[in-house]
Every structure is written in C-alpha cells, then in structure tokens.
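Take a look at the structure set out below.
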Amino acid sequence: MKDTPPRKSCGAAFTLMEILVVVAIVLVLASIAFPVYSTVKMRSNKAEALNMMRQLSGAAGSYAAQNDGELPREDAKGTDSWHTAAGSENSKAWYIALPKLLGKKTVGDYALDPRAYYTKDNLLYLPGAIYPENDKKLVRPLFAVAINTKLQRKDSEGVKPILRMVNIAEPARTVLFLEQGLPDEKKAMPTQNKYDGSCKGSARSFVARYGGTGLLGFVDGHVETADPKDLLTESGKFPFPVTDVIWTRSADEDPNK
C-alpha cells in the first residue's frame, strides 16, 4: 500500500494573510485618524491661545485704568533675563504687571525654577508653540506671545515716552499682542526676521501656528485670527498707507520707519 503524501496545510498561509490584512486595515485607519487627531489638537491649542490672548488684552485695559491710562512697558530695563524679570524696578514690564494683575505667577517668579516656566503652570505658556527641547530655553525666558513693539517707539531724542490709552487713535484696529515666533519654529514668510522668542515683536516676528494663521490681540480687548502674509508685503514691509490692521499709535504713522 502506497503511502499517501501529506496534505499541505493552509493554516499558516491563511494566518499570514490575515495578519497582512489586519496590518493594512490598521495602517488605513491610522492614516485617517492622525489628521483628525492633529486637527483636534490644533483646535485645542488655538482655543488655549485665544483664551490667554483675551486675558492679556483685557488685563492691559484694566492696568491702564488703574494707572492713569498708562499701558504696561514692552520690556524691562537691561536684558530680558530671569534676573532682571525678578527685579522690583521692572514691575511695569507687561510680562510682570499683567500676570500679577490676573493673580498669576510673573516671569520673575520662575527665576529660581526656569523649567516650570515652560509648563501649563505659566500663564504665558502656549502648548501649540514649539519650545526648544534642549536646555537653551533655560538661559532666558522665551516668549510665545509678545507685545507690539511698534507702539512704544523712541522720540527724536531717543527716548521712549510713556504710552497711554489716549495715544491709540483706533483701539479696535490696533494690535497690542501677537503670537511670537520661537527659534525652532518655521518662519511664515522668508522675509520675516529670525524668530527669537523676544518679549516684544511685530508682524515681522508673527508666527502661524494654526494651519497658516496665528492670533492677534487688539487694544480694545478683542482677538482675531490673521495670516502673516496679509500683514506684510512680499518684500517684508508693512503696508502703508494702512489698509486694515494698525501697528503704530495711529494709521498716519509709518510702521516701516
């Protein structure tokens, strides 16, 4: 009696095929889910930034009301370091005065623990911003939001006069705060300045963190979404005469000077 050759088992082949099908399905689902997750995360980050910008803009108005119409200063005397931020002589700098007014920690309060500055413990921390992963961020405070530096300009004698609410001709059109680019973030336009995370900035350092747009906080307290490409010409200049958004105290001032 002849031996019957063993029948080939299909089990292993079917199992491998089933695995490949499952892997393919997982990959397809992942390709669908990741963009959805990214969109949801971006919306969440934008919502947090919007809330923070509204708080800052509103606090600036309250600060002015309590200080004879004077708006907070754009920076501290000297360098914007942990040490100077902690100095009492710099209490009028916006990143000290406004968090304090809101009952939050100021930048100076993080001088002894810089790492905590880059957490949600900090009012000025934005989860949608790309902070440096290395310890370079501990050398000085990096700002993901900044005050508009075009408002506090030097006069003919090289002195920055006190900026008051009455100096702002059109509060509803004039930028007070902007989302500021950090060193590792991609510039929205090639002609923009290199992002440095300074506490003061303008359209030349405005960053687009939400699908090509970012947030601007205005003197009257409201916040708008804006595209950096709408704020500067292709050569990196501010449109003048002004068409919509105002960066200086009045539309008659040329922000390019």
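Letters A, B, ... go to the chains of the structure tokens in the order shown; residues in each chain start at 1; ligands are counted from 1 in the same order.
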| field | Nearby residues (only C-alpha atoms) at most 8 Å from region 67-75 of chain A, same-chain spacing under 6 positions excluded, as a PyMOL selection string | value | chain A and resi 60-61+92-95+97-98+147-149+152+162-166+199-200
| request: Give the strand (DSSP E) residues of region 17-216 of chain A, as assigned by DSSP on the backbone, as a count of residues only. | output: 14
| request: Using DSSP on the backbone, list every residue of region 60-180 of chain A that comes out as helix (DSSP H, G or I), and give them as a ChimeraX atom specification. | output: /A:60-66,82-85,88-90,94-101,107-110,114-117,135-138,165-167
| message | Let me make sure I understand: among A:Ala111, A:Leu151, A:Ala251, A:Leu50, which one has the smallest atom-to-atom distance to Pro127 (chain A) if we use only C-alpha atoms? | response |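 Nearest to Pro127 (chain A): A:Leu50.
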| message | What's around Lys105 (chain A) at 10 Å? Count only C-alpha atoms, leave out sequence neighbours fewer than 4 positions away in its own chain, and write the answer as a list in words. | response |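 Answer for this query is Tyr95, Ile96, Leu98, Pro99, Lys100, Leu101, Asp109, Tyr110, Tyr117, Asp121, Asn122, Leu123 and Leu124 of chain A.
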Kindly assemble as CSV a list of the region 128-193 of chain A residues that lie within 10 Å of region 201-210 of chain A, each paired with its nearest atom pair and their distance in Å to one decimal, using only C-alpha atoms, sorted first by chain and then by ascending residue number.
residue,atom,partner,partner_atom,distance
A:Gly128,CA,A:Arg209,CA,6.8
A:Ala129,CA,A:Arg209,CA,7.1
A:Ile130,CA,A:Arg209,CA,9.1
A:Ala144,CA,A:Val207,CA,9.0
A:Val145,CA,A:Gly201,CA,8.7
A:Ala146,CA,A:Gly201,CA,5.8
A:Ile147,CA,A:Gly201,CA,6.2
A:Asn148,CA,A:Gly201,CA,5.4
A:Thr149,CA,A:Gly201,CA,5.3
A:Lys150,CA,A:Ser202,CA,6.8
A:Leu151,CA,A:Ser202,CA,9.7
A:Val175,CA,A:Ser202,CA,8.8
A:Leu176,CA,A:Ser202,CA,9.4
A:Phe177,CA,A:Gly201,CA,8.6
A:Leu178,CA,A:Phe206,CA,6.4
A:Glu179,CA,A:Phe206,CA,5.7
A:Gln180,CA,A:Phe206,CA,5.2
A:Gly181,CA,A:Val207,CA,4.9
A:Leu182,CA,A:Val207,CA,8.3
A:Glu185,CA,A:Val207,CA,8.0
A:Lys186,CA,A:Val207,CA,8.0
A:Lys187,CA,A:Val207,CA,6.7
A:Ala188,CA,A:Val207,CA,6.1
A:Met189,CA,A:Arg204,CA,8.7
A:Thr191,CA,A:Arg204,CA,8.0
A:Gln192,CA,A:Arg204,CA,4.8
A:Asn193,CA,A:Arg204,CA,5.6
| task | Can you work out the spacing between CA of Trp82 (chain A) and CA of Leu138 (chain A) in Å, to one decimal? | result |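 Rounded to one decimal, the two atoms are 9.1 Å apart.
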| query | From the list A:Pro141, A:Pro241, A:Pro183, A:Gly212, which residue is nearest Pro114 (chain A) when using only C-alpha atoms? | reply |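 When distances to Pro114 (chain A) are compared using only C-alpha atoms, the smallest one comes from A:Pro141.
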| message | Under the rule that only C-alpha atoms are counted, which of A:Ala49, A:Ala76, A:Leu102, A:Ile25 is the nearest residue to Gly217 (chain A)? | response | A:Ala49
Set the distance at 9 Å and use only C-alpha atoms: which residues neighbour Met42 (chain A) once local chain neighbours fewer than 3 positions away are removed? I'd like the list as an mmCIF file with N, CA, C and O atoms, in the first residue's frame.
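Full text of selection-v2.cif as output:
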data_model
loop_
_atom_site.group_PDB
_atom_site.id
_atom_site.type_symbol
_atom_site.label_atom_id
_atom_site.label_comp_id
_atom_site.auth_asym_id
_atom_site.auth_seq_id
_atom_site.Cartn_x
_atom_site.Cartn_y
_atom_site.Cartn_z
ATOM 1 N N TYR A 37 -6.791 63.661 14.504
ATOM 2 C CA TYR A 37 -6.194 63.966 15.812
ATOM 3 C C TYR A 37 -5.418 65.286 15.748
ATOM 4 O O TYR A 37 -5.520 66.106 16.663
ATOM 5 N N SER A 38 -4.649 65.465 14.671
ATOM 6 C CA SER A 38 -3.860 66.688 14.526
ATOM 7 C C SER A 38 -4.754 67.918 14.468
ATOM 8 O O SER A 38 -4.447 68.953 15.061
ATOM 9 N N THR A 39 -5.877 67.787 13.758
ATOM 10 C CA THR A 39 -6.814 68.907 13.653
ATOM 11 C C THR A 39 -7.439 69.227 15.008
ATOM 12 O O THR A 39 -7.544 70.390 15.401
ATOM 13 N N ASN A 45 -5.207 73.730 20.951
ATOM 14 C CA ASN A 45 -4.107 74.670 21.191
ATOM 15 C C ASN A 45 -4.522 76.099 20.873
ATOM 16 O O ASN A 45 -4.188 77.042 21.607
ATOM 17 N N LYS A 46 -5.262 76.256 19.785
ATOM 18 C CA LYS A 46 -5.714 77.590 19.396
ATOM 19 C C LYS A 46 -6.681 78.152 20.430
ATOM 20 O O LYS A 46 -6.646 79.349 20.752
ATOM 21 N N ALA A 47 -7.556 77.296 20.949
ATOM 22 C CA ALA A 47 -8.520 77.738 21.964
ATOM 23 C C ALA A 47 -7.797 78.228 23.219
ATOM 24 O O ALA A 47 -8.181 79.239 23.817
ATOM 25 N N GLY A 128 0.708 75.051 21.899
ATOM 26 C CA GLY A 128 0.869 74.915 20.451
ATOM 27 C C GLY A 128 2.188 75.442 19.931
ATOM 28 O O GLY A 128 2.524 75.259 18.755
ATOM 29 N N ARG A 209 0.705 79.315 13.700
ATOM 30 C CA ARG A 209 0.718 78.016 14.386
ATOM 31 C C ARG A 209 -0.512 77.164 14.081
ATOM 32 O O ARG A 209 -0.574 76.007 14.477
ATOM 33 N N TYR A 210 -1.486 77.728 13.386
ATOM 34 C CA TYR A 210 -2.759 77.029 13.221
ATOM 35 C C TYR A 210 -3.142 76.987 11.743
ATOM 36 O O TYR A 210 -3.968 77.764 11.281
ATOM 37 N N GLY A 211 -2.502 76.092 11.024
ATOM 38 C CA GLY A 211 -2.824 75.935 9.615
ATOM 39 C C GLY A 211 -2.586 77.186 8.798
ATOM 40 O O GLY A 211 -3.387 77.519 7.931
#
| query | Near Lys257 (chain A), within 10 Å and counting only C-alpha atoms, which residues show up once chain neighbours fewer than 3 positions away are dropped, as a list of chain:residue names? | reply |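 In the requested form, the answer reads A:Lys150, A:Arg153, A:Phe238, A:Glu253, A:Asp254.
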| request: Go through A:Thr174, A:Asn134, A:Thr225, A:Thr15 and flag the residue nearest Ser57 (chain A), using only C-alpha atoms for the distances. | output: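 Distance minimum relative to Ser57 (chain A) lands on A:Thr174.
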